[in-house]
Amino acid sequence: MTHSTERQSIHIFINGRQHQISGDDAFLPLAQYLRLKADLPGTKVVCAEGDCGACTALVAKWNKNNWSAFQTLNSCIAPVYLFDLASVVTVEGLTFEDELNEVQTKMQQFHGGQCGYCTPGMVCALSGLAESCSKSGQQITEKKARNHLTGNLCRCTGYEPILNAAINVDLTKWISLAERYLTTSNKEVCLQLAADSIAIQGTNKELHVPTELAKALTLKKQSPGIRIVSGATDLGVLHNKGKFFLDKVLVLNRIPELSKLEMNAQTIEVGAGVSLTQFENFTENHHAELSRLLRVFASPQIKNQGTLAGNVLNGSPIGDSIPALLVLNAQLNLASTQGQRQVPLTSFYKAYKTFDLMPDEIATHISVPLLDKSWLTKYYKVSLRKDLDISAVTFAAAIKLKDGLITEARIALGGVGPTVVRMPEIEKMLTGQAMTEALFKTAGQKARALIKPLSDLRATDEYRLKVVENLFHKFFIEYRNENETAVSSSEEQAYVGR
Ligand SMILES: Cc1cc2nc3c(=O)[nH]c(=O)nc-3n(C[C@H](O)[C@H](O)[C@H](O)COP(=O)(O)OP(=O)(O)OC[C@H]3O[C@@H](n4cnc5c(N)ncnc54)[C@H](O)[C@@H]3O)c2cc1C
Ligand code: FES
Ligand code: FES
């Protein structure tokens, strides 16, 4: 029989053992708690900003009345208070009966480590891959290992021995972490505690983890300055860098309706608690171009923890999901004690980090309408590295075609000003025209004249202008390549719609 009460502590299972964490400890980054309070110093902290993977741990989160599968995350930026009822496995928890696990054995055999700083993170990341491949009956391929390790940097060994270790993992020898750690007895403890809301007071800090939306809205109304922390992949970095003090925190991850992810009448409804990984997997079947974009978003550790809502509400001019959401005419659903309202994302961003969002409002979900087959959509991210890098420029285009003519055009650009922007002048110019190379070259040149990007560490203004111009051309070239059979030899010939 469960009962609902207000707790003053977070309960986490670490390597199977229950920890009850209260006061200031609940506000620590998980890595610091592991190292300093739980006596588990195998987890390393190197960059403390989610970029290197040394702090990788495995977490099975509690959702409604069960745990998710184990996934990797960067424990250096994620505060303890995000993990109530979660089961965490650290590098110390990977060994079984004092024997190295199969990943650790192969890392040793193939000389996958030298200084060892990255090694605990590598081993945890590869154990996460082994766990999911073993569950789904797949092999660990080099491609899978490469993709899975985009968030793990090694400065000395080089990746070849690490990849060799990965592809030589014998999954018949894999001992399931879920079977070892997601035990019936621990689940019973969670079921007893699951209905509780949480309120914790630390030194000059307070935390609220409500289990009902109405309670969250009341808290936001009473304390408009309270900060919503979702995955903390933006906020945790700012906090660690001392740019931001998370003193009053509201966590929404125990409110069931915010974790919905479903398709209604050609619209994907994405709850504010839905992780980028969940969204990426879901879009694979519904909007492959969006899924493709998310593949080059951050790293698995960040996507397992960060949310789509966090990306939208962080509102960075280089937030990677935003241009795509703008051309899909996505809507943000906001709630307060006064009721609910829908804001088109196209009018949400007012100026740099200034939004159409009232202090007492909470984002509940994002509605992402899908386009039918008469639309051509492409989303580009231009960054210095392919993986785990911040964009210099982002570009999204959705073009509706009928008999080779553009009947509607939507273009959005990021990294070219204080917010991501739609380009109405270009959209108007494209509408009613035939798909030609000349048209898109002219559109690129015209776009240059309409934007004023900045120069910063990532790119100069001139570079950004050139990239924007080139992306219009790239869009057309890709369209042409995909429709070669419908194309005549003349470059200027109109192309028949796909
Ligand atoms: C190493 C690294 C790599 C990254 N790579 C990328 C990348 O490739 N592309 C990219 O775009 N971003 C990237 N990011 C940024 C970040 O991961 C994303 O912006 C992510 O989507 C943020 O989600 P979150 O849940 O962690 O947000 P949080 O950090 O928890 O919150 C972000 C903001 O959203 C607000 N917020 C969250 N939920 C709500 C809600 N329900 N209602 C109202 N406000 C809310 C918070 O108050 C905060 O202001 C990266 C970050 C790191 C550390
Ligand atoms: S210490 Fe580098 S990602 Fe956490
Ligand atoms: S072994 Fe030294 S950083 Fe990888």
# chains A, B, ... in the order shown; residues from 1 in each chain; ligands from 1
>>> residues_near_ligand(ligand="ligand 2", cutoff="9 Å", atoms="only C-alpha atoms and all ligand atoms", output="PyMOL selection string")
chain A and resi 31+43-56+73-77+118+121+151-153+301
>>> select_by_dssp(residues="segment 162-397 of chain A", states="strand (DSSP E or B)", output="PyMOL selection string")
chain A and resi 197-202+205-209+227-229+248-251+261-264+267-271+275+307+331-336+339-344+349-351+354-355+362-369+375-382+393-397
>>> residues_near_ligand(ligand="ligand 1", cutoff="8 Å", atoms="only C-alpha atoms and all ligand atoms", output="MDAnalysis selection string")
chainID A and resid 49:52 77 151 227:237 252 272:273 275:276 296:299 302:303 305:316 318:322 334 361:365 387:391
>>> residues_near_ligand(ligand="ligand 3", cutoff="7 Å", atoms="only C-alpha atoms and all ligand atoms", output="number ranges by chain")
A: 113-119, 153-157
>>> closest_residue(among="A:Val343, A:Leu129, A:Ile226, A:Ile451", to="Lys248 of chain A", atoms="only C-alpha atoms")
A:Ile226
>>> closest_residue(among="A:Leu325, A:Glu102, A:Ile255, A:Gly23", to="Thr267 of chain A", atoms="only C-alpha atoms")
A:Leu325
>>> residues_around(residues="Lys106 of chain A", least_positions_apart="5", cutoff="8 Å", atoms="only C-alpha atoms", output="JSON, numbers by chain")
{"A": [165, 166, 168, 169]}
>>> write_last_selection(atoms="all heavy atoms", output="tab-separated table (two decimals), in the first residue's frame")
chain	number	residue	atom	x	y	z
A	165	ALA	N	38.76	-3.17	-28.41
A	165	ALA	CA	38.20	-3.78	-27.19
A	165	ALA	C	36.69	-3.90	-27.35
A	165	ALA	O	36.11	-4.96	-27.07
A	165	ALA	CB	38.56	-2.92	-25.98
A	166	ALA	N	36.08	-2.83	-27.85
A	166	ALA	CA	34.60	-2.81	-27.95
A	166	ALA	C	34.09	-3.92	-28.86
A	166	ALA	O	33.18	-4.66	-28.50
A	166	ALA	CB	34.13	-1.44	-28.45
A	168	ASN	N	35.40	-6.59	-29.70
A	168	ASN	CA	35.73	-7.96	-29.26
A	168	ASN	C	34.99	-8.38	-28.00
A	168	ASN	O	35.23	-9.48	-27.48
A	168	ASN	CB	37.24	-8.09	-29.08
A	168	ASN	CG	37.92	-8.29	-30.43
A	168	ASN	OD1	37.80	-9.36	-31.03
A	168	ASN	ND2	38.56	-7.25	-30.93
A	169	VAL	N	34.10	-7.50	-27.52
A	169	VAL	CA	33.31	-7.88	-26.34
A	169	VAL	C	32.41	-9.07	-26.71
A	169	VAL	O	31.71	-9.04	-27.72
A	169	VAL	CB	32.45	-6.67	-25.88
A	169	VAL	CG1	31.36	-7.12	-24.90
A	169	VAL	CG2	33.34	-5.61	-25.23
>>> atom_distance(atom1="atom CA of Arg448 of chain A", atom2="atom CA of Val393 of chain A")
12.7 Å
>>> closest_residue(among="A:Gln109, A:Thr442, A:Gln433, A:Thr277", to="Arg292 of chain A", atoms="only C-alpha atoms")
A:Thr277
>>> residues_around(residues="segment 470-478 of chain A", least_positions_apart="2", cutoff="10 Å", atoms="only C-alpha atoms", output="number ranges by chain")
A: 376-382, 393-397, 411, 435-445, 447, 464-468, 480-484
>>> residues_around(residues="Lys205 of chain A", least_positions_apart="5", cutoff="9 Å", atoms="only C-alpha atoms", output="list of chain:residue names")
A:Asp24, A:Phe27, A:Ile200, A:Leu246, A:Asp247, A:Lys248, A:Val249
>>> write_last_selection(atoms="N, CA and C atoms", output="PDB file, in the first residue's frame")
ATOM      1  N   ASP A  24      22.380  19.871   2.052  1.00  0.00           N
ATOM      2  CA  ASP A  24      23.247  20.339   0.957  1.00  0.00           C
ATOM      3  C   ASP A  24      23.699  19.218   0.022  1.00  0.00           C
ATOM      4  N   PHE A  27      22.138  18.758  -3.331  1.00  0.00           N
ATOM      5  CA  PHE A  27      22.395  19.758  -4.384  1.00  0.00           C
ATOM      6  C   PHE A  27      23.737  19.535  -5.081  1.00  0.00           C
ATOM      7  N   ILE A 200      13.365  20.057   0.013  1.00  0.00           N
ATOM      8  CA  ILE A 200      14.628  19.986   0.764  1.00  0.00           C
ATOM      9  C   ILE A 200      15.190  21.399   0.935  1.00  0.00           C
ATOM     10  N   LEU A 246      22.219  27.984  -8.570  1.00  0.00           N
ATOM     11  CA  LEU A 246      20.886  27.363  -8.539  1.00  0.00           C
ATOM     12  C   LEU A 246      20.419  27.292  -7.089  1.00  0.00           C
ATOM     13  N   ASP A 247      19.828  28.407  -6.623  1.00  0.00           N
ATOM     14  CA  ASP A 247      19.458  28.441  -5.204  1.00  0.00           C
ATOM     15  C   ASP A 247      18.032  27.981  -4.927  1.00  0.00           C
ATOM     16  N   LYS A 248      17.093  28.280  -5.854  1.00  0.00           N
ATOM     17  CA  LYS A 248      15.714  27.825  -5.668  1.00  0.00           C
ATOM     18  C   LYS A 248      15.355  26.984  -6.870  1.00  0.00           C
ATOM     19  N   VAL A 249      15.112  25.716  -6.635  1.00  0.00           N
ATOM     20  CA  VAL A 249      15.008  24.792  -7.764  1.00  0.00           C
ATOM     21  C   VAL A 249      13.674  24.052  -7.748  1.00  0.00           C
TER      22      VAL A 249
END
>>> select_by_dssp(residues="segment 280-412 of chain A", states="helix (DSSP H, G or I)", output="ChimeraX atom specification")
/A:280-286,288-295,300-305,308-314,322-327,345-347
